[in-house]
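Chemist: Contents of coords.cif (mmCIF, C-alpha atoms) are below:
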```cif
data_work
#
loop_
_atom_site.label_atom_id
_atom_site.label_comp_id
_atom_site.auth_asym_id
_atom_site.auth_seq_id
_atom_site.Cartn_x
_atom_site.Cartn_y
_atom_site.Cartn_z
CA ASP P 52 78.36 109.09 110.92
CA CYS P 53 78.64 105.31 110.96
CA GLY P 54 76.17 104.69 108.17
CA GLY P 55 72.99 105.52 110.06
CA ASN P 56 72.21 108.40 107.74
CA SER P 57 71.67 107.25 104.17
CA SER P 58 70.39 110.64 102.96
CA PRO P 59 73.55 111.24 100.86
CA ALA P 60 72.62 108.09 98.91
CA ARG P 61 68.89 108.80 98.70
CA GLY P 62 67.78 108.97 95.11
CA LEU P 63 70.78 106.93 94.01
CA LEU P 64 69.52 103.68 95.50
CA ARG P 65 67.58 102.05 92.68
CA ASN P 66 67.12 98.42 91.63
CA LEU P 67 69.02 97.19 94.65
CA GLN P 68 70.55 93.75 94.40
CA GLU P 69 72.68 93.68 97.53
CA ILE P 70 73.69 95.77 100.54
CA ARG P 71 76.84 95.05 102.53
CA GLY P 72 77.71 96.71 105.78
CA ASN P 73 80.65 96.86 108.13
CA GLU P 74 81.28 98.58 111.46
CA SER P 75 80.88 102.07 110.05
CA ALA P 76 79.59 102.11 106.46
CA PHE P 77 77.34 100.55 103.86
CA ALA P 78 77.81 99.70 100.18
CA ALA P 79 74.76 99.08 98.00
CA LEU P 80 74.90 97.32 94.64
CA GLY P 81 72.32 98.03 91.97
CA ASP P 82 72.47 97.89 88.17
CA GLY P 83 76.18 97.06 88.32
CA SER P 84 77.14 100.21 90.17
CA VAL P 85 77.81 100.94 93.84
CA VAL P 86 76.56 103.63 96.21
CA THR P 87 78.28 104.05 99.58
CA TRP P 88 77.62 106.00 102.76
CA GLY P 89 78.88 106.16 106.31
CA GLU P 90 82.30 106.80 107.80
CA GLU P 91 84.78 107.83 105.13
CA GLU P 92 87.72 105.68 106.26
CA GLY P 93 85.45 102.68 106.76
CA GLY P 94 84.50 102.66 103.07
CA GLY P 95 81.58 105.09 103.21
CA ASP P 96 83.40 107.30 100.72
CA SER P 97 84.14 105.45 97.49
CA SER P 98 84.79 108.59 95.44
CA LEU P 99 88.45 107.68 94.77
CA VAL P 100 87.40 104.44 93.03
CA GLN P 101 83.89 105.36 91.87
CA ASP P 102 84.94 105.52 88.21
CA GLN P 103 86.16 101.90 88.51
CA LEU P 104 82.93 100.62 90.09
CA ARG P 105 81.14 99.66 86.88
CA GLY P 106 79.91 96.18 86.09
CA VAL P 107 80.02 95.15 89.75
CA LEU P 108 78.81 91.60 90.39
CA GLN P 109 79.44 91.14 94.12
CA ILE P 110 80.58 93.08 97.19
CA GLN P 111 82.26 91.80 100.35
CA ALA P 112 83.22 93.70 103.51
CA THR P 113 85.80 93.59 106.28
CA ASN P 114 85.12 95.65 109.38
CA SER P 115 86.32 98.81 107.64
CA ALA P 116 86.75 98.14 103.91
CA PHE P 117 84.91 96.80 100.88
CA ALA P 118 85.94 94.77 97.83
CA ALA P 119 83.91 94.46 94.64
CA ILE P 120 84.24 91.82 91.92
CA LEU P 121 83.75 93.33 88.48
CA ASP P 122 82.32 91.60 85.42
CA ASP P 123 85.80 91.49 83.85
CA GLY P 124 87.06 89.36 86.77
CA SER P 125 89.05 92.12 88.45
CA VAL P 126 88.58 93.51 91.97
CA VAL P 127 88.27 97.06 93.28
CA ALA P 128 88.86 97.69 96.99
CA TRP P 129 88.34 100.80 99.11
CA GLY P 130 88.12 101.85 102.74
CA HIS P 131 90.71 101.43 105.49
CA ALA P 132 93.93 100.56 103.67
CA GLY P 133 95.36 98.29 106.36
CA ASN P 134 92.16 96.28 106.64
CA GLY P 135 91.79 95.38 102.95
CA GLY P 136 90.88 98.74 101.41
CA ASP P 137 94.17 98.86 99.50
CA SER P 138 94.71 95.95 97.13
CA SER P 139 97.45 97.66 95.09
CA ALA P 140 100.14 95.17 96.24
CA VAL P 141 98.18 92.29 94.63
CA LYS P 142 96.27 94.18 91.92
CA GLY P 143 98.16 92.42 89.12
CA GLN P 144 97.18 89.03 90.55
CA LEU P 145 93.47 89.85 90.87
CA ARG P 146 92.41 88.56 87.45
CA ASN P 147 89.66 86.03 86.70
CA VAL P 148 88.37 86.33 90.27
CA GLN P 149 85.50 83.95 90.96
CA GLN P 150 84.84 84.67 94.62
CA VAL P 151 85.92 87.03 97.42
CA GLN P 152 85.53 86.30 101.12
CA ALA P 153 86.47 88.43 104.10
CA THR P 154 87.65 88.15 107.67
CA VAL P 155 87.40 91.08 110.06
CA ARG P 156 90.44 92.77 108.49
CA ALA P 157 91.46 90.95 105.30
CA PHE P 158 90.16 89.60 101.99
CA ALA P 159 90.80 86.36 100.08
CA ALA P 160 90.01 85.93 96.39
CA VAL P 161 89.64 82.60 94.60
CA LEU P 162 90.79 82.78 90.99
CA ALA P 163 89.51 80.72 88.07
CA ASP P 164 92.68 78.59 88.12
CA GLY P 165 92.03 77.58 91.75
CA SER P 166 94.71 79.78 93.28
CA VAL P 167 94.07 82.21 96.13
CA VAL P 168 95.16 85.83 96.52
CA THR P 169 94.96 87.56 99.91
CA TRP P 170 95.42 91.15 101.08
CA GLY P 171 94.77 93.27 104.12
CA ASN P 172 95.93 92.83 107.71
CA ALA P 173 98.44 89.95 107.84
CA GLY P 174 97.36 88.94 111.36
CA TYR P 175 93.82 88.37 110.10
CA GLY P 176 94.60 86.35 106.96
CA GLY P 177 95.86 89.06 104.62
CA ASP P 178 99.19 87.27 104.12
CA SER P 179 98.87 83.70 102.92
CA SER P 180 102.49 83.36 101.78
CA ALA P 181 103.27 80.66 104.38
CA VAL P 182 100.65 78.33 102.87
CA GLN P 183 100.54 79.62 99.29
CA ASP P 184 101.98 76.37 97.89
CA ARG P 185 99.04 74.48 99.44
CA LEU P 186 96.38 76.83 98.06
CA ARG P 187 95.84 75.06 94.75
CA ASN P 188 92.63 73.88 93.10
CA VAL P 189 90.59 75.84 95.63
CA GLN P 190 86.94 76.02 94.65
CA GLN P 191 85.48 77.92 97.56
CA ILE P 192 86.52 79.68 100.74
#
```
Kindly transcribe the structure held in the file into structure tokens.
Modeler:
Amino acid sequence: DCGGNSSPARGLLRNLQEIRGNESAFAALGDGSVVTWGEEEGGGDSSLVQDQLRGVLQIQATNSAFAAILDDGSVVAWGHAGNGGDSSAVKGQLRNVQQVQATVRAFAAVLADGSVVTWGNAGYGGDSSAVQDRLRNVQQI
């Protein structure tokens, strides 16, 4: 199932604010919480992080993962680990996040201090270490 069957989410989709999709799953935001469906590895199964998905303000998607900005400025990611679904390596840096953008296989977060944190597939932008010293006072990606 690549997200074509939303019946598992039926009844949970209320007061929708936003729906994001990728190659194989959907994530719907409503009332600060998230409902997902579709292929498990593509982010259609958010059960491992569901307890963290409270106070969600925004969702972004790579081709097989999702990232949500929470109202406390942190980020929760899920889906294919190598394509941005695992942010554990940068979790401590994901504070005061203002914006998240995505490529096909990586995420970039702009923090309140103008710095940028990236994760996901290095070949698609998930490793910004080579230019990190130039990523200052960033307002938008």
Chemist: Please write as number ranges by chain the full residue list that the PyMOL selection byres ((chain P and resi 75) around 10) yields on this file.
Modeler: P: 52-55, 72-74, 76-77, 88-95, 114-116
Chemist: With only C-alpha atoms as the basis for distance, which of P:Gln191, P:Gln103, P:Gln111, P:Ser139 is at the shortest distance from Ala157 in chain P?
Modeler: P:Gln111
Chemist: In terms of the shortest atom-to-atom distance over only C-alpha atoms, which of P:Gly83, P:Gly133, P:Gly177, P:Gly165 is closest to Val107 in chain P?
Modeler: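 Of P:Gly83, P:Gly133, P:Gly177, P:Gly165, the one nearest Val107 in chain P is P:Gly83, counting only C-alpha atoms.
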Chemist: What's around range 143-150 of chain P at 6 Å? Count only C-alpha atoms, leave out sequence neighbours fewer than 6 positions away in its own chain, and write the answer as a list in words.
Modeler: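 These residues fall inside the cut-off: Gly124, Ser125, Ala160, Val161, Leu162 and Ala163 of chain P.
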Chemist: Just say which residues the PyMOL selection byres ((chain P and resi 136) around 8) picks in this file, as a PyMOL selection string.
Modeler: chain P and resi 94+115-118+128-135+137-138+171
Chemist: Ranking P:Ile70, P:Trp170, P:Asp102, P:Asp164 by minimum distance to Thr87 in chain P and counting only C-alpha atoms, which one comes first?
Modeler: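 Checking each of P:Ile70, P:Trp170, P:Asp102, P:Asp164 against Thr87 in chain P, counting only C-alpha atoms, the winner is P:Ile70.
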Chemist: Box in all listed atoms of range 103-116 of chain P, axis-aligned, with 6 Å more on each side; write out centre and edge lengths in Å to one decimal as JSON.
Modeler:
```
{"center_x": 82.8, "center_y": 96.5, "center_z": 97.7, "size_x": 19.9, "size_y": 22.8, "size_z": 35.3}
```
Chemist: What does the distance from CA of Ala119 in chain P to CA of Ala181 in chain P come to in Å, to one decimal?
Modeler: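 CA of Ala181 in chain P lies at a distance of 25.7 Å from CA of Ala119 in chain P.
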